[in-house]
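Colleague: Mind looking over this structure? Questions follow.
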Amino acid sequence: SISSNQVALSQFNTGHRNEAVRLWQSQAERGDTAAQFTLGVLYNRGDGGVTRDLMQAVHWYRKAAEQGHAIAQYNLGVLYATGTGVVRDPGAAMQWWHMAALQGHAEAQFNLGLFYAEGTGVQPDPAEAVKWWDMAANQGLAEAQFNLGLMYMKGEGIDENQDEAVRLWRLSASQGFTQAIALLKVLSLD
């Protein structure tokens, strides 16, 4: 199936887009996860001669997500969180992000942390927010490093540790994350 995916990709990239989409469609219908994900992306963006169709995007993302495709799980979560192509459902967003997060998807981990911190679709749980932000921060996600730093500074969901907060903010700032840069300046720690 990799070879037929490469065929579809090369057709797509050389302008034979209809053939490529047809090939992905038939692979997707036979259960090919990569093809399902690709169709999800194309329908989501309205890309490559494919008319934007959010219902189709949701359909193909879900097929790939159910087969364990982490990015499809993440993207489906985003659609549920924003109510794009589906009825807005923070609980469903969290379920899909949770699956992606357990596979190491850093943005899914970050978003889970956000929902736990804000109490979106779930009871607020600072310790749970810290857990997921810590995972994403360890993968180098600047937003997660920044937010985790705030939790350490406030002693929220974790024991207060100002040195750790500053260490995390510096990591975040070193990646150009503007909020971290601004905060270190305000605290004269830059």
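Going by the structure tokens order, chains are called A, B, ..., each with residues numbered from 1, while ligands are numbered from 1 in the order shown.
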Could you name the residues that touch Asp134 of chain A at 12 Å or less, counting only C-alpha atoms, but leaving out those on the same chain fewer than 3 positions away, as JSON, numbers by chain?

Modeller: {"A": [101, 104, 106, 107, 109, 110, 112, 113, 126, 127, 128, 129, 130, 131, 137, 138, 139, 140, 141, 142, 143, 144, 145, 146, 147, 148, 149, 150, 151, 152, 157, 158, 164, 165, 168]}

Colleague: Please return as a short mmCIF file (atom, residue, chain, number, x, y, z; two decimals) with all heavy atoms, in the first residue's frame: the residues of segment 9-101 of chain A that backbone DSSP assigns to alpha helix (DSSP H).

Modeller:
data_model
loop_
_atom_site.label_atom_id
_atom_site.label_comp_id
_atom_site.auth_asym_id
_atom_site.auth_seq_id
_atom_site.Cartn_x
_atom_site.Cartn_y
_atom_site.Cartn_z
N LEU A 9 0.75 10.11 -4.65
CA LEU A 9 1.43 11.35 -4.28
C LEU A 9 2.15 11.95 -5.48
O LEU A 9 2.07 13.15 -5.72
CB LEU A 9 2.43 11.07 -3.15
CG LEU A 9 2.87 12.25 -2.30
CD1 LEU A 9 1.65 12.99 -1.76
CD2 LEU A 9 3.75 11.78 -1.15
N SER A 10 2.82 11.11 -6.26
CA SER A 10 3.56 11.65 -7.42
C SER A 10 2.58 12.16 -8.48
O SER A 10 2.82 13.18 -9.11
CB SER A 10 4.52 10.61 -7.99
OG SER A 10 3.81 9.63 -8.72
N GLN A 11 1.46 11.47 -8.65
CA GLN A 11 0.42 11.97 -9.57
C GLN A 11 -0.10 13.32 -9.10
O GLN A 11 -0.24 14.25 -9.88
CB GLN A 11 -0.75 10.97 -9.66
CG GLN A 11 -0.42 9.73 -10.45
CD GLN A 11 -1.62 8.81 -10.57
OE1 GLN A 11 -2.48 8.76 -9.69
NE2 GLN A 11 -1.67 8.06 -11.66
N PHE A 12 -0.35 13.40 -7.80
CA PHE A 12 -0.88 14.64 -7.21
C PHE A 12 0.10 15.78 -7.45
O PHE A 12 -0.28 16.86 -7.89
CB PHE A 12 -1.11 14.44 -5.71
CG PHE A 12 -1.82 15.60 -5.06
CD1 PHE A 12 -3.20 15.72 -5.14
CD2 PHE A 12 -1.11 16.56 -4.37
CE1 PHE A 12 -3.86 16.78 -4.54
CE2 PHE A 12 -1.76 17.62 -3.77
CZ PHE A 12 -3.14 17.74 -3.86
N ASN A 13 1.39 15.51 -7.19
CA ASN A 13 2.42 16.55 -7.29
C ASN A 13 2.73 16.93 -8.73
O ASN A 13 3.26 18.02 -8.97
CB ASN A 13 3.69 16.10 -6.57
CG ASN A 13 3.50 16.05 -5.07
OD1 ASN A 13 2.62 16.74 -4.54
ND2 ASN A 13 4.28 15.25 -4.39
N ARG A 17 -4.21 15.45 -10.50
CA ARG A 17 -4.83 15.44 -9.17
C ARG A 17 -6.06 14.56 -9.10
O ARG A 17 -6.25 13.87 -8.10
CB ARG A 17 -5.13 16.87 -8.74
CG ARG A 17 -3.83 17.63 -8.58
CD ARG A 17 -3.99 18.97 -7.97
NE ARG A 17 -2.71 19.39 -7.42
CZ ARG A 17 -2.53 20.52 -6.76
NH1 ARG A 17 -3.54 21.34 -6.57
NH2 ARG A 17 -1.36 20.84 -6.29
N ASN A 18 -6.87 14.57 -10.16
CA ASN A 18 -8.08 13.73 -10.13
C ASN A 18 -7.73 12.26 -9.98
O ASN A 18 -8.35 11.54 -9.20
CB ASN A 18 -8.93 13.94 -11.38
CG ASN A 18 -9.50 15.36 -11.44
OD1 ASN A 18 -9.47 16.08 -10.44
ND2 ASN A 18 -10.01 15.74 -12.59
N GLU A 19 -6.71 11.82 -10.75
CA GLU A 19 -6.28 10.42 -10.67
C GLU A 19 -5.79 10.10 -9.26
O GLU A 19 -6.10 9.06 -8.70
CB GLU A 19 -5.15 10.13 -11.67
CG GLU A 19 -5.55 10.25 -13.12
CD GLU A 19 -5.27 11.64 -13.69
OE1 GLU A 19 -5.54 12.64 -12.99
OE2 GLU A 19 -4.78 11.70 -14.83
N ALA A 20 -5.01 11.03 -8.69
CA ALA A 20 -4.46 10.84 -7.35
C ALA A 20 -5.59 10.68 -6.34
O ALA A 20 -5.58 9.75 -5.53
CB ALA A 20 -3.56 12.01 -6.98
N VAL A 21 -6.55 11.60 -6.40
CA VAL A 21 -7.66 11.57 -5.44
C VAL A 21 -8.47 10.29 -5.61
O VAL A 21 -8.87 9.66 -4.62
CB VAL A 21 -8.54 12.84 -5.56
CG1 VAL A 21 -9.80 12.71 -4.73
CG2 VAL A 21 -7.74 14.07 -5.16
N ARG A 22 -8.68 9.87 -6.86
CA ARG A 22 -9.41 8.61 -7.10
C ARG A 22 -8.67 7.43 -6.49
O ARG A 22 -9.29 6.55 -5.89
CB ARG A 22 -9.60 8.39 -8.61
CG ARG A 22 -10.92 8.94 -9.13
CD ARG A 22 -11.33 8.27 -10.43
NE ARG A 22 -10.34 8.49 -11.48
CZ ARG A 22 -10.30 9.59 -12.24
NH1 ARG A 22 -11.19 10.56 -12.07
NH2 ARG A 22 -9.39 9.71 -13.19
N LEU A 23 -7.35 7.42 -6.66
CA LEU A 23 -6.53 6.33 -6.11
C LEU A 23 -6.61 6.32 -4.58
O LEU A 23 -6.82 5.28 -3.95
CB LEU A 23 -5.08 6.48 -6.58
CG LEU A 23 -4.11 5.33 -6.32
CD1 LEU A 23 -4.69 4.00 -6.78
CD2 LEU A 23 -2.78 5.60 -7.02
N TRP A 24 -6.47 7.51 -3.96
CA TRP A 24 -6.58 7.61 -2.50
C TRP A 24 -7.96 7.16 -2.04
O TRP A 24 -8.09 6.47 -1.03
CB TRP A 24 -6.31 9.04 -2.03
CG TRP A 24 -4.84 9.34 -1.87
CD1 TRP A 24 -3.89 8.52 -1.34
CD2 TRP A 24 -4.17 10.55 -2.22
NE1 TRP A 24 -2.67 9.14 -1.36
CE2 TRP A 24 -2.81 10.40 -1.89
CE3 TRP A 24 -4.60 11.75 -2.79
CZ2 TRP A 24 -1.86 11.40 -2.10
CZ3 TRP A 24 -3.65 12.75 -3.00
CH2 TRP A 24 -2.30 12.58 -2.66
N GLN A 25 -8.98 7.57 -2.78
CA GLN A 25 -10.37 7.22 -2.45
C GLN A 25 -10.53 5.69 -2.41
O GLN A 25 -11.07 5.15 -1.44
CB GLN A 25 -11.32 7.82 -3.49
CG GLN A 25 -12.80 7.74 -3.13
CD GLN A 25 -13.28 8.92 -2.29
OE1 GLN A 25 -12.82 10.05 -2.47
NE2 GLN A 25 -14.20 8.66 -1.38
N SER A 26 -10.02 5.01 -3.43
CA SER A 26 -10.21 3.55 -3.47
C SER A 26 -9.37 2.87 -2.38
O SER A 26 -9.83 1.92 -1.76
CB SER A 26 -9.89 2.99 -4.86
OG SER A 26 -8.50 3.02 -5.10
N GLN A 27 -8.17 3.39 -2.12
CA GLN A 27 -7.36 2.85 -1.02
C GLN A 27 -8.04 3.08 0.32
O GLN A 27 -8.06 2.21 1.18
CB GLN A 27 -5.99 3.52 -1.00
CG GLN A 27 -5.07 3.13 -2.11
CD GLN A 27 -3.83 4.01 -2.09
OE1 GLN A 27 -3.75 5.02 -2.78
NE2 GLN A 27 -2.88 3.65 -1.26
N ALA A 28 -8.58 4.29 0.49
CA ALA A 28 -9.24 4.66 1.74
C ALA A 28 -10.43 3.74 2.00
O ALA A 28 -10.64 3.28 3.12
CB ALA A 28 -9.68 6.11 1.71
N GLU A 29 -11.20 3.49 0.95
CA GLU A 29 -12.37 2.63 1.10
C GLU A 29 -11.98 1.19 1.42
O GLU A 29 -12.75 0.46 2.04
CB GLU A 29 -13.25 2.71 -0.16
CG GLU A 29 -14.14 3.95 -0.14
CD GLU A 29 -14.60 4.40 -1.51
OE1 GLU A 29 -14.42 3.65 -2.49
OE2 GLU A 29 -15.14 5.53 -1.60
N THR A 33 -5.14 3.45 6.11
CA THR A 33 -5.15 4.56 7.07
C THR A 33 -4.54 5.83 6.50
O THR A 33 -5.09 6.92 6.67
CB THR A 33 -4.40 4.17 8.35
OG1 THR A 33 -4.81 2.86 8.73
CG2 THR A 33 -4.69 5.11 9.49
N ALA A 34 -3.39 5.69 5.85
CA ALA A 34 -2.70 6.87 5.30
C ALA A 34 -3.56 7.56 4.25
O ALA A 34 -3.63 8.80 4.20
CB ALA A 34 -1.35 6.46 4.71
N ALA A 35 -4.23 6.77 3.41
CA ALA A 35 -5.10 7.34 2.37
C ALA A 35 -6.31 8.02 3.01
O ALA A 35 -6.72 9.10 2.57
CB ALA A 35 -5.54 6.24 1.40
N GLN A 36 -6.86 7.41 4.05
CA GLN A 36 -8.00 8.01 4.76
C GLN A 36 -7.59 9.37 5.33
O GLN A 36 -8.31 10.36 5.20
CB GLN A 36 -8.47 7.08 5.88
CG GLN A 36 -9.10 5.80 5.38
CD GLN A 36 -9.28 4.76 6.46
OE1 GLN A 36 -8.67 4.83 7.53
NE2 GLN A 36 -10.11 3.76 6.19
N PHE A 37 -6.42 9.40 5.96
CA PHE A 37 -5.92 10.65 6.54
C PHE A 37 -5.71 11.70 5.46
O PHE A 37 -6.12 12.86 5.61
CB PHE A 37 -4.61 10.41 7.30
CG PHE A 37 -3.98 11.68 7.78
CD1 PHE A 37 -4.57 12.43 8.79
CD2 PHE A 37 -2.81 12.16 7.19
CE1 PHE A 37 -4.00 13.62 9.23
CE2 PHE A 37 -2.23 13.34 7.62
CZ PHE A 37 -2.83 14.07 8.64
N THR A 38 -5.10 11.30 4.36
CA THR A 38 -4.84 12.22 3.24
C THR A 38 -6.14 12.82 2.73
O THR A 38 -6.23 14.04 2.50
CB THR A 38 -4.10 11.50 2.10
OG1 THR A 38 -2.86 11.00 2.62
CG2 THR A 38 -3.81 12.44 0.95
N LEU A 39 -7.16 12.00 2.54
CA LEU A 39 -8.47 12.51 2.10
C LEU A 39 -9.04 13.49 3.13
O LEU A 39 -9.61 14.52 2.75
CB LEU A 39 -9.45 11.36 1.87
CG LEU A 39 -9.25 10.54 0.59
CD1 LEU A 39 -10.28 9.41 0.53
CD2 LEU A 39 -9.36 11.41 -0.66
N GLY A 40 -8.90 13.15 4.40
CA GLY A 40 -9.35 14.06 5.45
C GLY A 40 -8.72 15.43 5.31
O GLY A 40 -9.41 16.46 5.37
N VAL A 41 -7.40 15.44 5.09
CA VAL A 41 -6.68 16.71 4.92
C VAL A 41 -7.17 17.46 3.69
O VAL A 41 -7.45 18.66 3.76
CB VAL A 41 -5.15 16.46 4.82
CG1 VAL A 41 -4.42 17.73 4.43
CG2 VAL A 41 -4.61 15.91 6.14
N LEU A 42 -7.31 16.76 2.57
CA LEU A 42 -7.73 17.41 1.32
C LEU A 42 -9.13 18.02 1.46
O LEU A 42 -9.35 19.16 1.06
CB LEU A 42 -7.71 16.40 0.16
CG LEU A 42 -6.33 15.90 -0.27
CD1 LEU A 42 -6.48 14.87 -1.39
CD2 LEU A 42 -5.43 17.04 -0.73
N TYR A 43 -10.06 17.25 2.04
CA TYR A 43 -11.42 17.76 2.21
C TYR A 43 -11.48 18.89 3.24
O TYR A 43 -12.27 19.82 3.11
CB TYR A 43 -12.39 16.64 2.59
CG TYR A 43 -12.81 15.79 1.42
CD1 TYR A 43 -12.45 14.45 1.33
CD2 TYR A 43 -13.58 16.33 0.39
CE1 TYR A 43 -12.84 13.66 0.25
CE2 TYR A 43 -13.97 15.57 -0.70
CZ TYR A 43 -13.60 14.23 -0.76
OH TYR A 43 -13.99 13.47 -1.83
N ASN A 44 -10.64 18.80 4.25
CA ASN A 44 -10.60 19.83 5.29
C ASN A 44 -10.12 21.16 4.70
O ASN A 44 -10.66 22.22 5.02
CB ASN A 44 -9.66 19.38 6.42
CG ASN A 44 -9.81 20.20 7.67
OD1 ASN A 44 -10.78 20.93 7.85
ND2 ASN A 44 -8.84 20.11 8.55
N ARG A 45 -9.12 21.10 3.84
CA ARG A 45 -8.54 22.32 3.27
C ARG A 45 -9.23 22.77 2.00
O ARG A 45 -9.11 23.93 1.62
CB ARG A 45 -7.06 22.06 2.91
CG ARG A 45 -6.16 21.91 4.11
CD ARG A 45 -4.72 21.92 3.62
NE ARG A 45 -3.82 21.51 4.69
CZ ARG A 45 -2.71 20.83 4.49
NH1 ARG A 45 -2.37 20.45 3.27
NH2 ARG A 45 -1.93 20.50 5.51
N LEU A 54 -16.46 19.60 4.81
CA LEU A 54 -16.11 19.28 6.19
C LEU A 54 -16.73 17.96 6.65
O LEU A 54 -16.14 17.26 7.46
CB LEU A 54 -16.50 20.43 7.12
CG LEU A 54 -15.66 21.70 6.88
CD1 LEU A 54 -16.23 22.88 7.64
CD2 LEU A 54 -14.21 21.46 7.27
N MET A 55 -17.91 17.63 6.12
CA MET A 55 -18.51 16.33 6.46
C MET A 55 -17.60 15.19 6.01
O MET A 55 -17.38 14.23 6.73
CB MET A 55 -19.89 16.18 5.80
CG MET A 55 -20.89 17.27 6.14
SD MET A 55 -21.60 17.04 7.81
CE MET A 55 -22.84 15.79 7.43
N GLN A 56 -17.08 15.32 4.79
CA GLN A 56 -16.16 14.32 4.26
C GLN A 56 -14.85 14.30 5.05
O GLN A 56 -14.30 13.23 5.32
CB GLN A 56 -15.87 14.58 2.77
CG GLN A 56 -16.96 14.16 1.83
CD GLN A 56 -17.14 12.64 1.78
OE1 GLN A 56 -16.18 11.90 1.61
NE2 GLN A 56 -18.37 12.19 1.94
N ALA A 57 -14.36 15.49 5.41
CA ALA A 57 -13.14 15.59 6.21
C ALA A 57 -13.31 14.82 7.52
O ALA A 57 -12.47 14.00 7.89
CB ALA A 57 -12.79 17.05 6.47
N VAL A 58 -14.43 15.09 8.20
CA VAL A 58 -14.72 14.41 9.47
C VAL A 58 -14.80 12.89 9.25
O VAL A 58 -14.23 12.12 10.02
CB VAL A 58 -16.03 14.94 10.10
CG1 VAL A 58 -16.48 14.07 11.26
CG2 VAL A 58 -15.84 16.39 10.56
N HIS A 59 -15.50 12.51 8.19
CA HIS A 59 -15.67 11.08 7.87
C HIS A 59 -14.32 10.38 7.73
O HIS A 59 -14.09 9.34 8.34
CB HIS A 59 -16.49 10.93 6.59
CG HIS A 59 -16.54 9.53 6.07
ND1 HIS A 59 -17.36 8.56 6.63
CD2 HIS A 59 -15.87 8.92 5.06
CE1 HIS A 59 -17.18 7.42 5.96
NE2 HIS A 59 -16.29 7.61 5.00
N TRP A 60 -13.41 10.95 6.95
CA TRP A 60 -12.14 10.28 6.67
C TRP A 60 -11.16 10.41 7.84
O TRP A 60 -10.43 9.47 8.14
CB TRP A 60 -11.54 10.77 5.35
CG TRP A 60 -12.33 10.30 4.18
CD1 TRP A 60 -13.04 11.05 3.29
CD2 TRP A 60 -12.55 8.93 3.80
NE1 TRP A 60 -13.68 10.24 2.38
CE2 TRP A 60 -13.40 8.94 2.67
CE3 TRP A 60 -12.13 7.70 4.30
CZ2 TRP A 60 -13.82 7.77 2.02
CZ3 TRP A 60 -12.55 6.53 3.66
CH2 TRP A 60 -13.38 6.58 2.54
N TYR A 61 -11.17 11.55 8.52
CA TYR A 61 -10.35 11.66 9.74
C TYR A 61 -10.78 10.60 10.76
O TYR A 61 -9.95 9.96 11.39
CB TYR A 61 -10.49 13.04 10.38
CG TYR A 61 -9.63 14.13 9.79
CD1 TYR A 61 -10.05 15.45 9.82
CD2 TYR A 61 -8.38 13.86 9.22
CE1 TYR A 61 -9.26 16.48 9.30
CE2 TYR A 61 -7.59 14.87 8.70
CZ TYR A 61 -8.04 16.19 8.74
OH TYR A 61 -7.27 17.20 8.24
N ARG A 62 -12.11 10.43 10.92
CA ARG A 62 -12.62 9.48 11.90
C ARG A 62 -12.17 8.06 11.54
O ARG A 62 -11.75 7.31 12.41
CB ARG A 62 -14.15 9.55 11.98
CG ARG A 62 -14.72 8.65 13.08
CD ARG A 62 -16.25 8.63 13.08
NE ARG A 62 -16.83 9.97 13.13
CZ ARG A 62 -16.93 10.70 14.24
NH1 ARG A 62 -16.49 10.23 15.39
NH2 ARG A 62 -17.49 11.89 14.20
N LYS A 63 -12.27 7.70 10.25
CA LYS A 63 -11.85 6.36 9.81
C LYS A 63 -10.38 6.12 10.18
O LYS A 63 -10.03 5.06 10.71
CB LYS A 63 -12.03 6.20 8.30
CG LYS A 63 -13.47 6.16 7.85
CD LYS A 63 -14.00 4.75 7.92
CE LYS A 63 -15.36 4.62 7.24
NZ LYS A 63 -16.16 3.57 7.86
N ALA A 64 -9.53 7.11 9.88
CA ALA A 64 -8.09 6.98 10.18
C ALA A 64 -7.86 7.00 11.69
O ALA A 64 -7.06 6.21 12.22
CB ALA A 64 -7.31 8.10 9.50
N ALA A 65 -8.59 7.88 12.39
CA ALA A 65 -8.44 8.01 13.84
C ALA A 65 -8.81 6.71 14.55
O ALA A 65 -8.13 6.28 15.48
CB ALA A 65 -9.30 9.16 14.36
N GLU A 66 -9.87 6.08 14.08
CA GLU A 66 -10.32 4.82 14.70
C GLU A 66 -9.29 3.71 14.50
O GLU A 66 -9.25 2.75 15.26
CB GLU A 66 -11.69 4.40 14.13
CG GLU A 66 -12.83 5.22 14.71
CD GLU A 66 -14.15 5.05 13.97
OE1 GLU A 66 -14.15 4.41 12.89
OE2 GLU A 66 -15.16 5.58 14.46
N ALA A 70 -2.51 9.02 14.83
CA ALA A 70 -2.44 10.07 15.86
C ALA A 70 -2.80 11.46 15.34
O ALA A 70 -3.52 12.21 16.01
CB ALA A 70 -1.05 10.09 16.49
N ILE A 71 -2.32 11.82 14.15
CA ILE A 71 -2.60 13.17 13.64
C ILE A 71 -4.08 13.29 13.27
O ILE A 71 -4.70 14.33 13.47
CB ILE A 71 -1.69 13.54 12.46
CG1 ILE A 71 -0.22 13.38 12.87
CG2 ILE A 71 -1.93 14.98 12.01
CD1 ILE A 71 0.76 13.54 11.73
N ALA A 72 -4.65 12.21 12.75
CA ALA A 72 -6.10 12.20 12.46
C ALA A 72 -6.88 12.36 13.77
O ALA A 72 -7.86 13.11 13.82
CB ALA A 72 -6.50 10.92 11.75
N GLN A 73 -6.45 11.69 14.83
CA GLN A 73 -7.09 11.82 16.14
C GLN A 73 -7.02 13.26 16.62
O GLN A 73 -8.01 13.83 17.08
CB GLN A 73 -6.43 10.88 17.15
CG GLN A 73 -6.68 9.42 16.87
CD GLN A 73 -5.79 8.50 17.69
OE1 GLN A 73 -4.77 8.91 18.25
NE2 GLN A 73 -6.16 7.22 17.76
N TYR A 74 -5.83 13.85 16.49
CA TYR A 74 -5.64 15.24 16.90
C TYR A 74 -6.54 16.17 16.10
O TYR A 74 -7.25 17.01 16.66
CB TYR A 74 -4.17 15.65 16.74
CG TYR A 74 -3.96 17.12 16.93
CD1 TYR A 74 -4.02 17.71 18.20
CD2 TYR A 74 -3.74 17.97 15.85
CE1 TYR A 74 -3.85 19.07 18.39
CE2 TYR A 74 -3.57 19.34 16.02
CZ TYR A 74 -3.63 19.87 17.29
OH TYR A 74 -3.48 21.23 17.48
N ASN A 75 -6.51 16.03 14.77
CA ASN A 75 -7.30 16.90 13.89
C ASN A 75 -8.80 16.77 14.17
O ASN A 75 -9.52 17.77 14.18
CB ASN A 75 -7.01 16.59 12.42
CG ASN A 75 -5.63 17.06 11.98
OD1 ASN A 75 -4.87 17.60 12.77
ND2 ASN A 75 -5.32 16.84 10.73
N LEU A 76 -9.24 15.55 14.40
CA LEU A 76 -10.65 15.32 14.71
C LEU A 76 -11.01 16.03 16.02
O LEU A 76 -12.07 16.65 16.14
CB LEU A 76 -10.91 13.81 14.81
CG LEU A 76 -12.35 13.33 14.75
CD1 LEU A 76 -13.08 13.88 13.53
CD2 LEU A 76 -12.39 11.81 14.75
N GLY A 77 -10.10 15.97 16.98
CA GLY A 77 -10.28 16.69 18.24
C GLY A 77 -10.45 18.19 18.03
O GLY A 77 -11.32 18.82 18.63
N VAL A 78 -9.64 18.74 17.14
CA VAL A 78 -9.72 20.17 16.83
C VAL A 78 -11.09 20.50 16.22
O VAL A 78 -11.71 21.51 16.58
CB VAL A 78 -8.58 20.61 15.88
CG1 VAL A 78 -8.80 22.04 15.38
CG2 VAL A 78 -7.22 20.49 16.58
N LEU A 79 -11.57 19.65 15.31
CA LEU A 79 -12.88 19.88 14.69
C LEU A 79 -13.99 19.86 15.74
O LEU A 79 -14.89 20.70 15.72
CB LEU A 79 -13.15 18.85 13.59
CG LEU A 79 -12.19 18.90 12.38
CD1 LEU A 79 -12.56 17.84 11.36
CD2 LEU A 79 -12.16 20.28 11.73
N TYR A 80 -13.90 18.92 16.69
CA TYR A 80 -14.90 18.87 17.77
C TYR A 80 -14.76 20.07 18.72
O TYR A 80 -15.76 20.61 19.20
CB TYR A 80 -14.79 17.56 18.56
CG TYR A 80 -15.59 16.45 17.95
CD1 TYR A 80 -14.97 15.38 17.30
CD2 TYR A 80 -16.99 16.46 17.99
CE1 TYR A 80 -15.72 14.35 16.72
CE2 TYR A 80 -17.74 15.45 17.41
CZ TYR A 80 -17.11 14.40 16.79
OH TYR A 80 -17.85 13.40 16.22
N ALA A 81 -13.55 20.49 18.98
CA ALA A 81 -13.33 21.62 19.90
C ALA A 81 -13.87 22.92 19.32
O ALA A 81 -14.36 23.77 20.05
CB ALA A 81 -11.84 21.75 20.20
N THR A 82 -13.78 23.05 18.00
CA THR A 82 -14.17 24.30 17.35
C THR A 82 -15.57 24.23 16.73
O THR A 82 -16.10 25.23 16.27
CB THR A 82 -13.16 24.67 16.24
OG1 THR A 82 -13.04 23.56 15.34
CG2 THR A 82 -11.79 25.00 16.82
N PRO A 90 -16.70 19.55 23.41
CA PRO A 90 -15.41 19.52 24.09
C PRO A 90 -15.05 18.14 24.64
O PRO A 90 -13.88 17.77 24.65
CB PRO A 90 -15.58 20.53 25.23
CG PRO A 90 -16.70 21.42 24.81
CD PRO A 90 -17.61 20.56 23.99
N GLY A 91 -16.06 17.39 25.09
CA GLY A 91 -15.81 16.04 25.61
C GLY A 91 -15.25 15.12 24.55
O GLY A 91 -14.29 14.38 24.79
N ALA A 92 -15.83 15.18 23.36
CA ALA A 92 -15.34 14.36 22.23
C ALA A 92 -13.95 14.83 21.82
O ALA A 92 -13.08 14.00 21.53
CB ALA A 92 -16.30 14.44 21.05
N ALA A 93 -13.74 16.14 21.82
CA ALA A 93 -12.41 16.69 21.50
C ALA A 93 -11.37 16.09 22.45
O ALA A 93 -10.31 15.62 22.02
CB ALA A 93 -12.42 18.21 21.62
N MET A 94 -11.70 16.08 23.74
CA MET A 94 -10.77 15.55 24.75
C MET A 94 -10.50 14.07 24.53
O MET A 94 -9.37 13.62 24.70
CB MET A 94 -11.30 15.80 26.15
CG MET A 94 -11.20 17.25 26.55
SD MET A 94 -11.52 17.50 28.30
CE MET A 94 -9.98 16.93 29.01
N GLN A 95 -11.52 13.30 24.18
CA GLN A 95 -11.34 11.86 23.96
C GLN A 95 -10.36 11.61 22.83
O GLN A 95 -9.45 10.78 22.95
CB GLN A 95 -12.67 11.18 23.66
CG GLN A 95 -13.55 11.01 24.89
CD GLN A 95 -14.89 10.40 24.56
OE1 GLN A 95 -15.47 10.65 23.50
NE2 GLN A 95 -15.40 9.58 25.47
N TRP A 96 -10.52 12.33 21.72
CA TRP A 96 -9.62 12.14 20.58
C TRP A 96 -8.22 12.65 20.89
O TRP A 96 -7.23 12.02 20.54
CB TRP A 96 -10.20 12.81 19.32
CG TRP A 96 -11.39 12.08 18.79
CD1 TRP A 96 -12.69 12.52 18.76
CD2 TRP A 96 -11.42 10.75 18.25
NE1 TRP A 96 -13.50 11.56 18.21
CE2 TRP A 96 -12.76 10.46 17.89
CE3 TRP A 96 -10.44 9.77 18.01
CZ2 TRP A 96 -13.15 9.25 17.31
CZ3 TRP A 96 -10.83 8.56 17.44
CH2 TRP A 96 -12.17 8.31 17.09
N TRP A 97 -8.13 13.80 21.57
CA TRP A 97 -6.81 14.31 21.96
C TRP A 97 -6.12 13.36 22.91
O TRP A 97 -4.91 13.19 22.85
CB TRP A 97 -6.95 15.70 22.58
CG TRP A 97 -7.23 16.78 21.59
CD1 TRP A 97 -7.00 16.74 20.24
CD2 TRP A 97 -7.79 18.06 21.85
NE1 TRP A 97 -7.39 17.91 19.66
CE2 TRP A 97 -7.88 18.74 20.62
CE3 TRP A 97 -8.24 18.69 23.02
CZ2 TRP A 97 -8.39 20.04 20.52
CZ3 TRP A 97 -8.75 19.98 22.92
CH2 TRP A 97 -8.82 20.64 21.68
N HIS A 98 -6.89 12.75 23.80
CA HIS A 98 -6.32 11.81 24.76
C HIS A 98 -5.65 10.65 24.03
O HIS A 98 -4.54 10.24 24.37
CB HIS A 98 -7.41 11.31 25.73
CG HIS A 98 -6.87 10.63 26.93
ND1 HIS A 98 -6.84 9.26 27.06
CD2 HIS A 98 -6.31 11.13 28.07
CE1 HIS A 98 -6.29 8.94 28.21
NE2 HIS A 98 -5.96 10.05 28.85
N MET A 99 -6.33 10.12 23.02
CA MET A 99 -5.76 9.02 22.23
C MET A 99 -4.47 9.45 21.54
O MET A 99 -3.48 8.73 21.54
CB MET A 99 -6.77 8.53 21.19
CG MET A 99 -7.94 7.77 21.79
SD MET A 99 -9.04 7.21 20.46
CE MET A 99 -10.62 7.44 21.24
N ALA A 100 -4.49 10.64 20.94
CA ALA A 100 -3.30 11.16 20.25
C ALA A 100 -2.19 11.45 21.26
O ALA A 100 -1.02 11.15 21.00
CB ALA A 100 -3.66 12.41 19.46
N ALA A 101 -2.57 12.02 22.41
CA ALA A 101 -1.59 12.37 23.45
C ALA A 101 -0.86 11.14 23.96
O ALA A 101 0.35 11.18 24.19
CB ALA A 101 -2.29 13.09 24.60
#

Colleague: Give the answer as one residue: which of A:Asp32, A:Asp190, A:Gly119, A:Arg167 has the shortest atom-to-atom distance to Gln67 of chain A, using only C-alpha atoms?

Modeller: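 Closest to Gln67 of chain A of all the choices is A:Asp32.
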
Colleague: Counting only C-alpha atoms, which residue out of A:Val7, A:Ala180, A:Ala117, A:Leu102 sits closest to Glu156 of chain A?

Modeller: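 Smallest separation from Glu156 of chain A among the options: A:Ala117.
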
Colleague: May I ask for the distance between atom CA of Arg170 of chain A and atom CA of Leu189 of chain A, given in Å to one decimal place?

Modeller: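 If I compute the distance from atom CA of Arg170 of chain A to atom CA of Leu189 of chain A, I get 8.9 Å.
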